[in-house]
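Colleague: What follows is target.pdb, made up of PDB, C-alpha atoms:
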```
MODEL        1
ATOM      1  CA  PRO A   1       0.000   0.000   0.000
ATOM      2  CA  GLU A   2       0.946   3.635  -0.512
ATOM      3  CA  VAL A   3      -0.368   6.825   1.065
ATOM      4  CA  ARG A   4      -0.675   9.980  -0.992
ATOM      5  CA  GLN A   5       0.487  12.941   1.082
ATOM      6  CA  SER A   6      -1.138  16.379   0.987
ATOM      7  CA  ASN A   7       1.790  17.674  -1.103
ATOM      8  CA  GLY A   8       1.172  15.062  -3.805
ATOM      9  CA  THR A   9       4.029  12.699  -2.976
ATOM     10  CA  PHE A  10       3.515   9.058  -2.045
ATOM     11  CA  ARG A  11       4.689   7.245   1.068
ATOM     12  CA  LEU A  12       5.206   3.488   0.720
ATOM     13  CA  LEU A  13       3.884   1.365   3.585
ATOM     14  CA  SER A  14       6.761  -1.112   3.462
ATOM     15  CA  GLY A  15       5.594  -2.740   6.700
ATOM     16  CA  ALA A  16       2.227  -3.778   5.265
ATOM     17  CA  ASP A  17       2.793  -6.762   2.973
ATOM     18  CA  THR A  18      -0.292  -7.529   0.872
ATOM     19  CA  SER A  19       1.313 -10.240  -1.285
ATOM     20  CA  THR A  20      -0.953 -12.958   0.162
ATOM     21  CA  LEU A  21      -4.098 -11.090  -0.922
ATOM     22  CA  ASP A  22      -5.863 -11.414  -4.277
ATOM     23  CA  PHE A  23      -4.970  -8.483  -6.540
ATOM     24  CA  MET A  24      -8.416  -8.143  -8.112
ATOM     25  CA  TYR A  25     -10.506  -5.187  -6.893
ATOM     26  CA  PRO A  26      -9.838  -4.997  -3.143
ATOM     27  CA  ARG A  27     -12.548  -3.191  -1.136
ATOM     28  CA  ASN A  28     -11.139  -0.694   1.359
ATOM     29  CA  PHE A  29     -12.975   1.525   3.845
ATOM     30  CA  ILE A  30     -12.002   3.982   6.558
ATOM     31  CA  ALA A  31     -12.740   2.306   9.893
ATOM     32  CA  PRO A  32     -14.142   4.368  12.781
ATOM     33  CA  ASP A  33     -10.779   4.138  14.591
ATOM     34  CA  GLY A  34      -8.854   5.601  11.626
ATOM     35  CA  ARG A  35      -7.382   2.388  10.288
ATOM     36  CA  VAL A  36      -8.220   1.052   6.836
ATOM     37  CA  PHE A  37     -10.448  -2.026   6.820
ATOM     38  CA  GLY A  38     -10.597  -4.088   3.684
ATOM     39  CA  TYR A  39     -10.993  -7.475   2.068
ATOM     40  CA  ASP A  40      -9.907  -9.046  -1.187
ATOM     41  CA  SER A  41     -11.999 -10.830  -3.789
ATOM     42  CA  ASN A  42     -11.576 -14.114  -1.889
ATOM     43  CA  GLY A  43     -13.151 -12.620   1.235
ATOM     44  CA  LYS A  44      -9.900 -12.313   3.247
ATOM     45  CA  MET A  45     -10.385  -9.425   5.684
ATOM     46  CA  TYR A  46      -7.659  -7.193   7.092
ATOM     47  CA  TYR A  47      -6.842  -3.936   8.835
ATOM     48  CA  VAL A  48      -4.080  -1.637   7.613
ATOM     49  CA  ASN A  49      -2.575   0.873  10.042
ATOM     50  CA  PRO A  50      -1.159   3.632   7.796
ATOM     51  CA  THR A  51       1.077   5.286  10.403
ATOM     52  CA  GLY A  52       4.841   5.166   9.866
ATOM     53  CA  THR A  53       5.815   2.353   7.517
ATOM     54  CA  GLY A  54       2.437   0.693   8.113
ATOM     55  CA  THR A  55       1.256  -2.644   9.438
ATOM     56  CA  ILE A  56      -1.387  -5.124   8.285
ATOM     57  CA  ALA A  57      -3.388  -7.594  10.384
ATOM     58  CA  SER A  58      -5.564 -10.432   9.107
ATOM     59  CA  VAL A  59      -9.019 -10.664  10.714
ATOM     60  CA  GLY A  60     -10.656 -13.665   9.076
ATOM     61  CA  GLN A  61     -12.501 -14.585   5.925
ATOM     62  CA  PHE A  62     -16.154 -14.729   4.934
ATOM     63  CA  ALA A  63     -17.966 -17.440   2.978
ATOM     64  CA  SER A  64     -17.530 -17.963  -0.765
ATOM     65  CA  SER A  65     -21.238 -17.355  -1.424
ATOM     66  CA  TYR A  66     -20.751 -13.677  -0.579
ATOM     67  CA  ARG A  67     -17.499 -13.013  -2.412
ATOM     68  CA  ALA A  68     -16.227 -12.528  -5.962
ATOM     69  CA  SER A  69     -14.234  -9.985  -7.916
ATOM     70  CA  ASP A  70     -17.490  -8.866  -9.560
ATOM     71  CA  ALA A  71     -19.441  -8.332  -6.317
ATOM     72  CA  SER A  72     -20.144  -4.870  -4.932
ATOM     73  CA  ALA A  73     -19.998  -3.163  -1.542
ATOM     74  CA  ALA A  74     -20.998   0.045   0.231
ATOM     75  CA  MET A  75     -20.446   1.439   3.723
ATOM     76  CA  PHE A  76     -24.014   2.465   4.513
ATOM     77  CA  ARG A  77     -23.296   3.537   8.108
ATOM     78  CA  PRO A  78     -19.985   4.324   9.817
ATOM     79  CA  GLY A  79     -18.359   0.955  10.409
ATOM     80  CA  ARG A  80     -21.097  -1.079   8.671
ATOM     81  CA  ILE A  81     -20.632  -2.436   5.156
ATOM     82  CA  LEU A  82     -23.085  -4.169   2.824
ATOM     83  CA  GLN A  83     -21.384  -6.773   0.598
ATOM     84  CA  PHE A  84     -23.566  -8.208  -2.185
ATOM     85  CA  GLY A  85     -23.653  -9.648  -5.688
ATOM     86  CA  GLY A  86     -21.052 -11.791  -7.391
ATOM     87  CA  ASN A  87     -21.285 -15.518  -6.664
ATOM     88  CA  SER A  88     -24.926 -15.497  -5.554
ATOM     89  CA  ASN A  89     -27.959 -13.319  -4.896
ATOM     90  CA  GLY A  90     -27.055 -13.215  -1.198
ATOM     91  CA  ALA A  91     -25.881 -10.251   0.848
ATOM     92  CA  LEU A  92     -23.779  -9.826   3.971
ATOM     93  CA  VAL A  93     -23.429  -7.053   6.557
ATOM     94  CA  ILE A  94     -19.877  -6.603   7.842
ATOM     95  CA  ASP A  95     -19.805  -4.690  11.123
ATOM     96  CA  ILE A  96     -16.454  -3.180  12.148
ATOM     97  CA  SER A  97     -17.879  -0.489  14.434
ATOM     98  CA  ALA A  98     -16.339  -2.087  17.545
ATOM     99  CA  GLY A  99     -12.862  -2.092  16.005
ATOM    100  CA  GLY A 100     -12.071  -5.762  16.660
ATOM    101  CA  THR A 101     -12.969  -8.908  14.761
ATOM    102  CA  PRO A 102     -15.635  -8.081  12.145
ATOM    103  CA  VAL A 103     -19.149  -9.286  12.938
ATOM    104  CA  LEU A 104     -20.698 -10.971   9.895
ATOM    105  CA  THR A 105     -24.478 -11.109   9.533
ATOM    106  CA  PRO A 106     -26.319 -12.479   6.481
ATOM    107  CA  THR A 107     -29.141 -10.231   5.339
ATOM    108  CA  GLY A 108     -31.910 -10.423   2.729
ATOM    109  CA  SER A 109     -31.237 -11.760  -0.748
ATOM    110  CA  MET A 110     -31.685  -9.836  -3.982
ATOM    111  CA  SER A 111     -34.217 -10.823  -6.631
ATOM    112  CA  SER A 112     -31.503 -12.577  -8.667
ATOM    113  CA  GLN A 113     -27.767 -13.124  -8.958
ATOM    114  CA  ARG A 114     -26.140  -9.867 -10.087
ATOM    115  CA  ARG A 115     -22.505  -9.982 -11.212
ATOM    116  CA  LEU A 116     -20.947  -6.548 -11.825
ATOM    117  CA  VAL A 117     -23.748  -4.884  -9.876
ATOM    118  CA  ASN A 118     -23.215  -1.287  -8.711
ATOM    119  CA  ALA A 119     -23.909   0.063  -5.217
ATOM    120  CA  THR A 120     -25.109   3.567  -4.367
ATOM    121  CA  VAL A 121     -25.763   4.778  -0.824
ATOM    122  CA  LEU A 122     -28.934   6.889  -0.909
ATOM    123  CA  PRO A 123     -29.561   9.980   1.273
ATOM    124  CA  ASN A 124     -32.019   8.032   3.443
ATOM    125  CA  GLY A 125     -29.351   5.447   4.319
ATOM    126  CA  LYS A 126     -30.654   2.721   2.044
ATOM    127  CA  VAL A 127     -28.499   1.076  -0.644
ATOM    128  CA  LEU A 128     -29.409   0.974  -4.323
ATOM    129  CA  ALA A 129     -28.317  -1.905  -6.570
ATOM    130  CA  THR A 130     -28.249  -1.338 -10.332
ATOM    131  CA  GLY A 131     -27.014  -3.449 -13.213
ATOM    132  CA  GLY A 132     -25.573  -6.924 -13.340
ATOM    133  CA  SER A 133     -26.312 -10.334 -14.788
ATOM    134  CA  ALA A 134     -25.962 -13.976 -13.819
ATOM    135  CA  VAL A 135     -22.889 -14.459 -16.027
ATOM    136  CA  ASN A 136     -19.999 -12.000 -15.894
ATOM    137  CA  ASN A 137     -20.398  -9.407 -18.660
ATOM    138  CA  GLN A 138     -22.820 -11.495 -20.689
ATOM    139  CA  LEU A 139     -26.453 -10.883 -21.594
ATOM    140  CA  ILE A 140     -27.613 -13.930 -19.634
ATOM    141  CA  ASP A 141     -30.289 -13.410 -16.960
ATOM    142  CA  VAL A 142     -29.704  -9.649 -16.985
ATOM    143  CA  ASN A 143     -31.297  -7.728 -14.113
ATOM    144  CA  ASN A 144     -32.106  -4.139 -15.120
ATOM    145  CA  SER A 145     -34.196  -3.322 -12.067
ATOM    146  CA  ALA A 146     -33.409  -0.682  -9.488
ATOM    147  CA  GLU A 147     -33.360  -2.727  -6.289
ATOM    148  CA  ILE A 148     -33.158  -1.051  -2.864
ATOM    149  CA  TRP A 149     -31.917  -2.604   0.383
ATOM    150  CA  ASP A 150     -33.321  -1.305   3.667
ATOM    151  CA  PRO A 151     -30.892  -1.657   6.609
ATOM    152  CA  THR A 152     -33.788  -1.496   9.079
ATOM    153  CA  THR A 153     -35.624  -4.519   7.697
ATOM    154  CA  GLY A 154     -32.770  -6.242   5.838
ATOM    155  CA  THR A 155     -34.984  -6.670   2.783
ATOM    156  CA  TRP A 156     -34.689  -5.665  -0.865
ATOM    157  CA  THR A 157     -37.457  -3.912  -2.808
ATOM    158  CA  ARG A 158     -37.437  -4.198  -6.566
ATOM    159  CA  GLY A 159     -38.332  -1.032  -8.484
ATOM    160  CA  PRO A 160     -38.567  -0.015 -12.136
ATOM    161  CA  ASP A 161     -36.347  -1.414 -14.886
ATOM    162  CA  GLY A 162     -33.769   0.542 -16.801
ATOM    163  CA  GLN A 163     -33.676   0.317 -20.591
ATOM    164  CA  ARG A 164     -30.086  -0.881 -20.972
ATOM    165  CA  ALA A 165     -28.057  -3.718 -19.480
ATOM    166  CA  ARG A 166     -25.329  -2.312 -17.210
ATOM    167  CA  LEU A 167     -22.443  -4.774 -17.034
ATOM    168  CA  TYR A 168     -18.635  -4.440 -16.976
ATOM    169  CA  HIS A 169     -17.356  -0.847 -16.717
ATOM    170  CA  SER A 170     -20.763   0.471 -15.679
ATOM    171  CA  MET A 171     -21.293   3.047 -12.926
ATOM    172  CA  SER A 172     -23.853   4.655 -10.658
ATOM    173  CA  LEU A 173     -23.549   8.037  -8.974
ATOM    174  CA  LEU A 174     -25.753   9.902  -6.504
ATOM    175  CA  LEU A 175     -26.565  13.375  -7.821
ATOM    176  CA  PRO A 176     -26.913  16.482  -5.598
ATOM    177  CA  ASP A 177     -30.702  16.548  -6.147
ATOM    178  CA  GLY A 178     -31.205  12.953  -4.920
ATOM    179  CA  ARG A 179     -31.486  11.300  -8.313
ATOM    180  CA  VAL A 180     -29.013   8.603  -9.393
ATOM    181  CA  LEU A 181     -27.020   8.643 -12.629
ATOM    182  CA  VAL A 182     -26.592   5.139 -14.103
ATOM    183  CA  GLY A 183     -24.391   4.665 -17.126
ATOM    184  CA  GLY A 184     -21.868   2.801 -19.232
ATOM    185  CA  GLY A 185     -21.364  -0.921 -19.168
ATOM    186  CA  GLY A 186     -20.483  -3.834 -21.385
ATOM    187  CA  ALA A 187     -17.191  -2.927 -23.002
ATOM    188  CA  PRO A 188     -15.338  -5.040 -23.895
ATOM    189  CA  GLY A 189     -18.144  -7.511 -24.327
ATOM    190  CA  PRO A 190     -21.652  -7.928 -25.688
ATOM    191  CA  LEU A 191     -22.351  -4.175 -25.865
ATOM    192  CA  ALA A 192     -20.705  -0.800 -25.359
ATOM    193  CA  ASN A 193     -23.068   1.567 -23.568
ATOM    194  CA  LEU A 194     -21.808   5.095 -24.232
ATOM    195  CA  ASN A 195     -25.003   6.403 -22.673
ATOM    196  CA  MET A 196     -26.654   7.108 -19.333
ATOM    197  CA  GLU A 197     -30.022   6.884 -17.631
ATOM    198  CA  VAL A 198     -31.352   8.762 -14.610
ATOM    199  CA  TYR A 199     -33.151   6.917 -11.814
ATOM    200  CA  PHE A 200     -35.701   8.746  -9.658
ATOM    201  CA  PRO A 201     -35.854   7.012  -6.216
ATOM    202  CA  PRO A 202     -39.175   6.658  -4.369
ATOM    203  CA  TYR A 203     -38.334   9.370  -1.803
ATOM    204  CA  LEU A 204     -38.769  11.988  -4.550
ATOM    205  CA  TYR A 205     -42.474  11.103  -4.663
ATOM    206  CA  ASP A 206     -43.494  10.893  -1.019
ATOM    207  CA  ALA A 207     -45.705  13.349   0.861
ATOM    208  CA  SER A 208     -42.816  15.653   1.772
TER     209      SER A 208
ENDMDL
END
```
Please rewrite the model in this file as structure tokens.
Modeller:
Amino acid sequence: PEVRQSNGTFRLLSGADTSTLDFMYPRNFIAPDGRVFGYDSNGKMYYVNPTGTGTIASVGQFASSYRASDASAAMFRPGRILQFGGNSNGALVIDISAGGTPVLTPTGSMSSQRRLVNATVLPNGKVLATGGSAVNNQLIDVNNSAEIWDPTTGTWTRGPDGQRARLYHSMSLLLPDGRVLVGGGGAPGPLANLNMEVYFPPYLYDAS
């Protein structure tokens, strides 16, 4: 690991050896205690302390049904991470709020398996899933629906469908007005979406 300093230079964390971790798309989050919590695509979890030359500590591994390089993740509360998609339609809450060994809790399953699904944390604290298909970057069992996970109930609610499949190299981005920009996806592969769609979440239509 390296740390970019405020002056633009990089400081190598020579004391934090990550050679035993899978190189594909590690997920890293700022833990409440200031360390970096992360896990690789095989579900190996770790803490990195970025002070000095750095240190790394292994803190376990979660089940294969919740991991994959094409899964997605979002920290929906400080110290609480939703991991979903990839190998199955299942989802997992990873709680690091106490700062010790992560607490792993299965939560509700999505409507289908979604590889290369995107995660967006909404202003109300819920998590939006967009894009994905059952087979990595292929138009097989594509799920175009906007699906929202509620951390209070642990359930997913399926909403309207987008018009385009959003696969590899797709994105989703919360806009300042509460809408979500969904775009790209597919290249290289079965399509090359050089286009975007805008999703209007349900909270834009409530009584307030």
Colleague: Considering all atoms listed in the file, can you say which of A:Leu173, A:Pro123, A:Leu13, A:Gly86 comes closest to A:Leu204?
Modeller: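 So, comparing all the options, the nearest one is A:Pro123.
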Colleague: I'd like the residues picked by the PyMOL selection byres ((chain A and resi 100) around 12) written out as a VMD selection string, using the chain letters and numbers from the file.
Modeller: chain A and resid 31 to 33 35 37 45 to 47 57 to 60 79 94 to 99 101 to 103
Colleague: Find the distance between atom CA of A:Met196 and atom CA of A:Gly159 and write it in Å to one decimal.
Modeller: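 Taking atom CA of A:Met196 and atom CA of A:Gly159, their separation equals 17.9 Å.
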Colleague: Would you write out, as an MDAnalysis selection string, every residue that the PyMOL selection byres ((chain A and resi 172) around 7) captures in this file?
Modeller: chainID A and resid 118 120 171 173:174 180:183
Colleague: Taking all atoms listed in the file into account, which of A:Met75, A:Val117, A:Leu128, A:Val135 comes nearest A:Pro201?
Modeller: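 Closest residue, counting all atoms listed in the file: A:Leu128.
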Colleague: Which value, in Å to one decimal, gives the distance between atom CA of A:Met24 and atom CA of A:Asp141?
Modeller: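 Rounded to one decimal, the two atoms are 24.2 Å apart.
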Colleague: Please evaluate the PyMOL selection byres ((chain A and resi 160) around 10) against the structure above and give the resulting residues as a PyMOL selection string.
Modeller: chain A and resi 144-147+158-159+161-163+199-201
Colleague: Which residues are near A:Leu191? Cut-off 10 Å, all atoms listed in the file, ignore same chain within fewer than 6 positions. Put them as a ChimeraX atom specification.
Modeller: /A:137-139,164-168,184-185
Colleague: Under the rule that only C-alpha atoms are counted, which of A:Asn124, A:Gly131, A:Tyr39, A:Asn87 is the nearest residue to A:Gly178?
Modeller: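 Using only C-alpha atoms, A:Gly178 sits closest to A:Asn124.
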Colleague: Just to confirm, what's the straight-line distance from atom CA of A:Ser112 to atom CA of A:Ala71 in Å (one decimal)?
Modeller: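 Calculated distance between atom CA of A:Ser112 and atom CA of A:Ala71 is 13.0 Å.
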Colleague: At a cut-off of 7 Å, using only C-alpha atoms, what residues contact A:Val121? Leave out same-chain residues fewer than 4 positions from it and give the result as an mmCIF file with C-alpha atoms, in the frame of the given file.
Modeller:
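File out_11.cif, as written:
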```cif
data_model
loop_
_atom_site.group_PDB
_atom_site.id
_atom_site.type_symbol
_atom_site.label_atom_id
_atom_site.label_comp_id
_atom_site.auth_asym_id
_atom_site.auth_seq_id
_atom_site.Cartn_x
_atom_site.Cartn_y
_atom_site.Cartn_z
ATOM 1 C CA ALA A 74 -20.998 0.045 0.231
ATOM 2 C CA PHE A 76 -24.014 2.465 4.513
ATOM 3 C CA GLY A 125 -29.351 5.447 4.319
ATOM 4 C CA LYS A 126 -30.654 2.721 2.044
ATOM 5 C CA VAL A 127 -28.499 1.076 -0.644
ATOM 6 C CA LEU A 128 -29.409 0.974 -4.323
#
```
Colleague: From the list A:Arg4, A:Arg114, A:His169, A:Lys44, which residue is nearest A:Ala91 when using all atoms listed in the file?
Modeller: A:Arg114
Colleague: Using all atoms listed in the file for the distances, tell me which of A:Thr153, A:Ser41, A:Ser6, A:Ser133 is nearest to A:Gly108.
Modeller: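 Looking only at the distances to A:Gly108, the closest residue turns out to be A:Thr153.
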Colleague: Mind checking which residues fall within 8 Å of A:Gly90, counting only C-alpha atoms, ignoring those fewer than 3 positions away in the same chain, and posting them as a PyMOL selection string?
Modeller: chain A and resi 65-66+84-85+106-110+113
Colleague: Which is closer to A:Ser19 than all the others in A:Ala187, A:Val36, A:Leu175, A:Ile56, using all atoms listed in the file?
Modeller: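 Going through A:Ala187, A:Val36, A:Leu175, A:Ile56 one by one, the smallest distance to A:Ser19 is for A:Ile56.
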